[in-house]
Amino acid sequence: MADNLLTVKDLKIYYPVSSHELFGKTEYVKAVDGVTFDVRRNEVFGIVGESGCGKSTLGRGVCRLEHITSGQVVLDGQDITHLNNKEMQPVRKKIQMIFQDPYASLNPRMSVFDIVGEPLQIHHLAESRQDMKERVLNLLRKVGLDYYHANRYPHEFSGGQRQRIGIARALAVAPSLVIADEPVSALDVSIQAQVLNLLNQLKRDLSLTYIFIAHDLSVVEHISDRVGVMYLGNFVEVGQKEKIYNAPLHPYTQALMSAVPIPDPTAQRNRIILKGNIPSALNPPSGCKFHTRCPKCMEICKTVEPPRYQVDEDHYVYCHLYDDKVKNQQKKTAAGKID
Amino acid sequence: MADVKDVDKKTTTPQDAKTPAVKPAANPQAAISEKEKADIRTPMSEVIRKFKKQKNSVVALGFVGLLVLIAIIGYYLVPYGINQYDYSSILESPSSKHLFGTDEFGRDLFSRIICGTRISLAVGLSAVTVGAVCGTILGLLSGYYGGWIDSLIMRICDTLFAFPGIILAIAIVAILGSGLYNVVIAVAVFSTPTFARLVRSRTLALKESVFVQAALNLGASDARILFKHILPGAIPEIIVQYTMSIGTSILTASGLSFLGMGAQPPTPEWGLLLSNGRTYLLTSFHITLFPGLAIFFTVLSFNILGDGLRDALDPKLTD
Amino acid sequence: MDNILEIKNLHTYFYMDDCVIKSVDGVDIELKRGSTLGIVGESGSGKSVTSLSIMGLLIGTRGKVAEGGIYLDGKDIVHISEEDKRKLRGNQVSMIFQEPMTSLNPVMTIGDQIIEGVLQHEQISKEEAFNKAQDMLRLTGVPRVEKMMHEYPFQLSGGQRQRVMIAMALVCKPKILIADEPTTALDVTIQAQILDLMNNLKKEIGTSILFITHDLGVVAEVCDDVAVMYCGRVVEKGDVKSIFAKPSHPYTKGLLASIPRLGNRAQELTTIPGNVPNPKYMPAGCKFSPRCSFATDKCRQQEPGFYDLGGGHFSKCWLCAEKGGEA
């Protein structure tokens, strides 16, 4: 039994949206609609999906930056779902976040020294002014910055450098779990590679565990050990990276993989073009949420939400196509056709 | 199920085959000159740079500086006392002996106006400062916590906003009694809602910003978030509103004194000087003109200064 | 194939208070008729400024074309009057931007916005313009065209808005379409749809496309030729197959090596060390030399010329001096 640093059970994060009618009932945006998964110690768990799938909300929910509607989040054996602010204080040292927008995640009026030193101040981790200075400079060096950067302000830095500052800030409290919410999406290609390498190196040096949220499939494949694919608030497929990328099972995963542009002009492309747009999370489709766009939709998909099917060791799919009964039926029909 | 990876791919490999054997890795850090390392652009230096570009604001700043200087030392440098009666030279027009002329008691108008600077500035600055501090605190609490605190504070502000400023000031002074202290209170009261509303809207916006989320994620307390992250973000607007309000404040104080509800004679407050001049408007116009000009230029320069500060502090107005 | 657009020795500078920022500093680009040219570059490369220079959209900024020329079908489009430039925009040269939400007017209906574009350049009745707009919108494949003509941008999804932008840009059948990162803000499945659409429309309308992006995967999908830009200069250009198969400039090589690719399981990504230089403190010689593992002293002192590697493949690097003659 693997050692789980994080266990999430049936997590739901709904946002109330007031209805426009006088006595209408409140509607909910179902950003995260019943998500269950584990993250093992020292692994990188990638969460991939398109906009509106709820991956960022999920990451923020795990950090308790979002109000959790129902479900459970257990970190290192401790249930942190309903802790109040005071109880969360020590937990904040264990779980930190790297944000997507390097331009918005740093306070423009604080110097780099103050930004990276703030977590040390909040948690009283420095013994003296001198100790604080040393720790901050150490952190800066760890992320590839230099001493003369400490007195500068965020607007003087490029996107990649700002992201490094954000990483230094997150590492100041020596967390065990780091949630990286699209950390390289806003960066140039060559800088992406630098930051990804940095994250890998830090993981090894500091024994970190990551949840890596992104929409770029190639990036997620590069850095993750296990991957979960999300669509409209639910996981559709979760498993070891090699299995998901080499033989994706869920029709959405297959379409997603086929849509990624390949940086090779001579490659042949078998593109699965999905019809239609992503439905609204306010009024998601019944049954399997993907059924409106699925090229392999069956009758049962329209009404019954697919449970989790275990296809292989450590590979799960939320799709009726993998229901044993359905598979047997298909085999029978195929056999019947051959006769 | 179709294997989507069934593509005929030719992976391109990095062109290391042609790399010459041993090459030292590039050192990009070495290329950064010492000059670049020393070139620090703090937010403050940016603001100063943008401010200096606006000539009329710089002039306004100079004038305000002059006023402050006069307020501090003017009292000691004036040629005549403020209550130096001289019945032999009453109602004299401006001359080399009396730069702005004299009033009905023979008092030198120039000296009186110079000394009045201290009063006007003191009233203007203190009233707005009290209003700004109260308004900021209310705005921060209102915007950050929301709920019933927000409703309560905003309804009070709405009530105060419903009255035109000068009417409200008159009402307050009527209740509390005449005198400059009460004028200060009156102006502070009607300045507070402006600051409260301003700070509340900035708080609401900044509360949602990513760096505040990051601070919450680090475990920052509410006090830290309010005073280290949100308040500094609201300071630019507060400063601008502050300078704009000083003009209104001085005008209101002068107005109240003109009506006889503020400063009392023989205080050389500009509004009171204006009021004195009413009787002699047609004969000795200078008694009304110079206090009027003093009020006019003071308020104008504060307003222009405020405009310049707003443009300099606005982060979106970059080149 | 002749060139529908030629950019010759373009220098676009921004005149700031204390310095001059040379955003584009000597760029030569050719767009062949009926083809798609990809301009690849990262921040600070000058690719967006180049497109703004073509469109004449530097008015109101501190930017100016300091030197060089841009020729559309042989005609100079830089040193002409504002009125002439206005006649070109939307009519012969069109542009679509990265963020369709901010590029569309939120208080005008979709139909009105497209019609506005038509009526600017064609003297036809409003009804004819409406039909033209509707036909163009139908070509972009949006569902329920008639309904959408009366809708507002906020009612549409990102992909639909981008289709509207494409319709607006192509309704006057321009000779050139400049697409500045049109799919960067879109999901990968929607991006696939939009790229497909652009390819089809290009063939149908006969527009040539200038495709600006930082995504090399997209370049490989849709472009016929590529120009790689760095620090305001073109460092390598050629047809897409040779650039990807035999990249010559170290920057191009570094870019190609640093992107994670599906199926590549290497632990570390090859990176280009360092950052793009501060435009105020540009290094002497070759602008890429501080980050280049092949840099020699000559590279650090002198800026290289443009060398012909054969087959229309050019590279701005001293290392190529051995291979071919100067272009």
# chains A, B, ... in the order shown; residues from 1 in each chain; ligands from 1

call {"tool": "interface_residues", "arguments": {"of": "chain A", "to": "chain B", "cutoff": "9 Å", "atoms": "only C-alpha atoms", "output": "PyMOL selection string"}}
result
chain A and resi 63-65+85-86+88-93+95-99+101+104-111+118-119+122-123+148-149+151-153+155-156+169-170+173+245-249+251+254-255+257-258+263-264+266-272

call {"tool": "residues_around", "arguments": {"residues": "range 74-82 of chain B", "least_positions_apart": "3", "cutoff": "10 Å", "atoms": "only C-alpha atoms", "output": "list in words"}}
result
Leu67, Val68, Leu69, Ile70, Ala71, Tyr85, Lys97, His98, Arg107, Asp108, Leu109, Phe110, Ser111, Arg112, Ile113, Ile114, Cys115, Gly116, Thr117, Arg118, Pro266, Thr267 and Pro268 of chain B

call {"tool": "write_last_selection", "arguments": {"atoms": "C-alpha atoms", "output": "PDB file, in the first residue's frame"}}
result
ATOM      1  CA  LEU B  67       2.590  78.083   1.229  1.00  0.00           C
ATOM      2  CA  VAL B  68       3.814  75.590   3.792  1.00  0.00           C
ATOM      3  CA  LEU B  69       6.946  77.646   4.284  1.00  0.00           C
ATOM      4  CA  ILE B  70       4.917  80.821   4.734  1.00  0.00           C
ATOM      5  CA  ALA B  71       2.652  79.053   7.180  1.00  0.00           C
ATOM      6  CA  TYR B  85      -4.259  99.324  14.308  1.00  0.00           C
ATOM      7  CA  LYS B  97       4.300 100.862   2.406  1.00  0.00           C
ATOM      8  CA  HIS B  98       1.353  98.466   2.464  1.00  0.00           C
ATOM      9  CA  ARG B 107      -4.239  96.983   9.637  1.00  0.00           C
ATOM     10  CA  ASP B 108      -1.808  95.865   6.912  1.00  0.00           C
ATOM     11  CA  LEU B 109      -3.632  93.408   4.694  1.00  0.00           C
ATOM     12  CA  PHE B 110      -0.486  91.732   3.445  1.00  0.00           C
ATOM     13  CA  SER B 111       0.603  90.754   6.932  1.00  0.00           C
ATOM     14  CA  ARG B 112      -2.878  89.549   7.791  1.00  0.00           C
ATOM     15  CA  ILE B 113      -3.107  87.385   4.711  1.00  0.00           C
ATOM     16  CA  ILE B 114       0.346  85.917   5.257  1.00  0.00           C
ATOM     17  CA  CYS B 115      -0.551  84.994   8.809  1.00  0.00           C
ATOM     18  CA  GLY B 116      -3.866  83.664   7.662  1.00  0.00           C
ATOM     19  CA  THR B 117      -2.004  81.100   5.594  1.00  0.00           C
ATOM     20  CA  ARG B 118      -1.145  79.132   8.692  1.00  0.00           C
ATOM     21  CA  PRO B 266      -9.870  89.372  14.886  1.00  0.00           C
ATOM     22  CA  THR B 267      -8.511  86.070  13.498  1.00  0.00           C
ATOM     23  CA  PRO B 268      -7.039  86.823  10.068  1.00  0.00           C
TER      24      PRO B 268
END

call {"tool": "interface_residues", "arguments": {"of": "chain C", "to": "chain A", "cutoff": "7 Å", "atoms": "only C-alpha atoms", "output": "compact mmCIF listing (two decimals) with N, CA and C atoms, in the first residue's frame"}}
result
# COMPACT_ATOMS: atom_id res chain seq x y z
N GLU C 42 9.99 34.74 -28.89
CA GLU C 42 9.51 34.84 -27.52
C GLU C 42 9.33 36.31 -27.15
N SER C 43 9.16 36.59 -25.84
CA SER C 43 8.94 38.00 -25.50
C SER C 43 10.18 38.79 -25.84
N ASP C 187 -8.39 26.57 -25.75
CA ASP C 187 -8.11 25.18 -25.39
C ASP C 187 -7.61 24.41 -26.59
N VAL C 188 -6.92 23.32 -26.30
CA VAL C 188 -6.25 22.60 -27.38
C VAL C 188 -7.24 21.99 -28.37
N THR C 189 -8.42 21.56 -27.89
CA THR C 189 -9.38 20.99 -28.85
C THR C 189 -9.98 22.09 -29.71
N ALA C 192 -7.43 23.22 -32.34
CA ALA C 192 -7.37 22.34 -33.51
C ALA C 192 -8.43 22.74 -34.52
N LEU C 216 5.82 26.13 -31.28
CA LEU C 216 6.44 25.47 -32.44
C LEU C 216 5.58 24.34 -32.99
N GLY C 217 4.74 23.76 -32.14
CA GLY C 217 3.84 22.71 -32.62
C GLY C 217 2.86 23.27 -33.63
N VAL C 218 2.32 24.43 -33.31
CA VAL C 218 1.38 25.08 -34.23
C VAL C 218 2.08 25.43 -35.53
N ALA C 220 4.53 23.92 -36.94
CA ALA C 220 4.71 22.71 -37.75
C ALA C 220 3.42 22.31 -38.42
N GLU C 221 2.29 22.60 -37.77
CA GLU C 221 0.99 22.20 -38.30
C GLU C 221 0.56 23.04 -39.49
N VAL C 240 9.52 25.30 -43.70
CA VAL C 240 9.29 24.69 -42.39
C VAL C 240 10.00 23.35 -42.23
N LYS C 241 10.07 22.59 -43.32
CA LYS C 241 10.70 21.27 -43.18
C LYS C 241 12.19 21.40 -42.87
N PHE C 244 12.88 22.64 -39.23
CA PHE C 244 12.69 21.65 -38.17
C PHE C 244 13.68 20.50 -38.28
N LEU C 255 15.58 26.27 -29.00
CA LEU C 255 14.11 26.30 -28.89
C LEU C 255 13.54 24.92 -29.15
N SER C 258 14.20 22.50 -26.40
CA SER C 258 13.67 22.74 -25.05
C SER C 258 12.18 22.47 -24.93
N ILE C 259 11.48 22.19 -26.02
CA ILE C 259 10.05 21.94 -25.84
C ILE C 259 9.81 20.48 -25.47
N PRO C 260 8.97 20.27 -24.46
CA PRO C 260 8.62 18.89 -24.12
C PRO C 260 7.75 18.33 -25.24
N ARG C 261 8.04 17.14 -25.68
CA ARG C 261 7.23 16.56 -26.75
C ARG C 261 6.55 15.30 -26.25
N LEU C 262 5.37 15.06 -26.78
CA LEU C 262 4.66 13.84 -26.43
C LEU C 262 5.52 12.65 -26.80
N ARG C 265 10.75 10.90 -23.21
CA ARG C 265 10.76 10.62 -21.78
C ARG C 265 12.06 11.04 -21.09
N GLU C 268 15.64 15.46 -18.12
CA GLU C 268 15.87 16.90 -18.15
C GLU C 268 15.58 17.44 -19.53
N LEU C 269 15.05 18.64 -19.57
CA LEU C 269 14.88 19.30 -20.86
C LEU C 269 16.14 20.11 -21.13
N THR C 271 17.90 23.26 -21.96
CA THR C 271 17.41 24.63 -21.89
C THR C 271 18.39 25.58 -22.53
N ILE C 272 17.88 26.78 -22.80
CA ILE C 272 18.76 27.87 -23.19
C ILE C 272 19.00 28.66 -21.90

call {"tool": "interface_residues", "arguments": {"of": "chain C", "to": "chain B", "cutoff": "10 Å", "atoms": "only C-alpha atoms", "output": "ChimeraX atom specification"}}
result
/C:14-17,61-62,244-248,250,253-258,261-264,270,272-278,280-284,288-295,300

call {"tool": "residues_around", "arguments": {"residues": "Ala281 in chain A", "least_positions_apart": "2", "cutoff": "9 Å", "atoms": "only C-alpha atoms", "output": "VMD selection string"}}
result
chain A and resid 28 to 31 52 to 53 232 to 233 278 to 279 283 to 285

call {"tool": "write_last_selection", "arguments": {"atoms": "C-alpha atoms", "output": "short mmCIF file (atom, residue, chain, number, x, y, z; two decimals), in the first residue's frame"}}
result
data_model
loop_
_atom_site.label_atom_id
_atom_site.label_comp_id
_atom_site.auth_asym_id
_atom_site.auth_seq_id
_atom_site.Cartn_x
_atom_site.Cartn_y
_atom_site.Cartn_z
CA TYR A 28 -24.87 26.29 -8.47
CA VAL A 29 -21.82 26.26 -10.66
CA LYS A 30 -20.48 22.77 -10.07
CA ALA A 31 -16.82 23.57 -10.44
CA GLY A 52 -13.56 25.22 -17.10
CA CYS A 53 -12.80 21.64 -16.10
CA LEU A 232 -16.27 19.57 -16.33
CA GLY A 233 -15.56 18.93 -12.66
CA ILE A 278 -17.65 22.62 -23.61
CA PRO A 279 -21.06 22.80 -21.85
CA ASN A 283 -26.11 23.19 -16.17
CA PRO A 284 -23.98 20.19 -16.96
CA PRO A 285 -25.36 17.38 -19.13
#
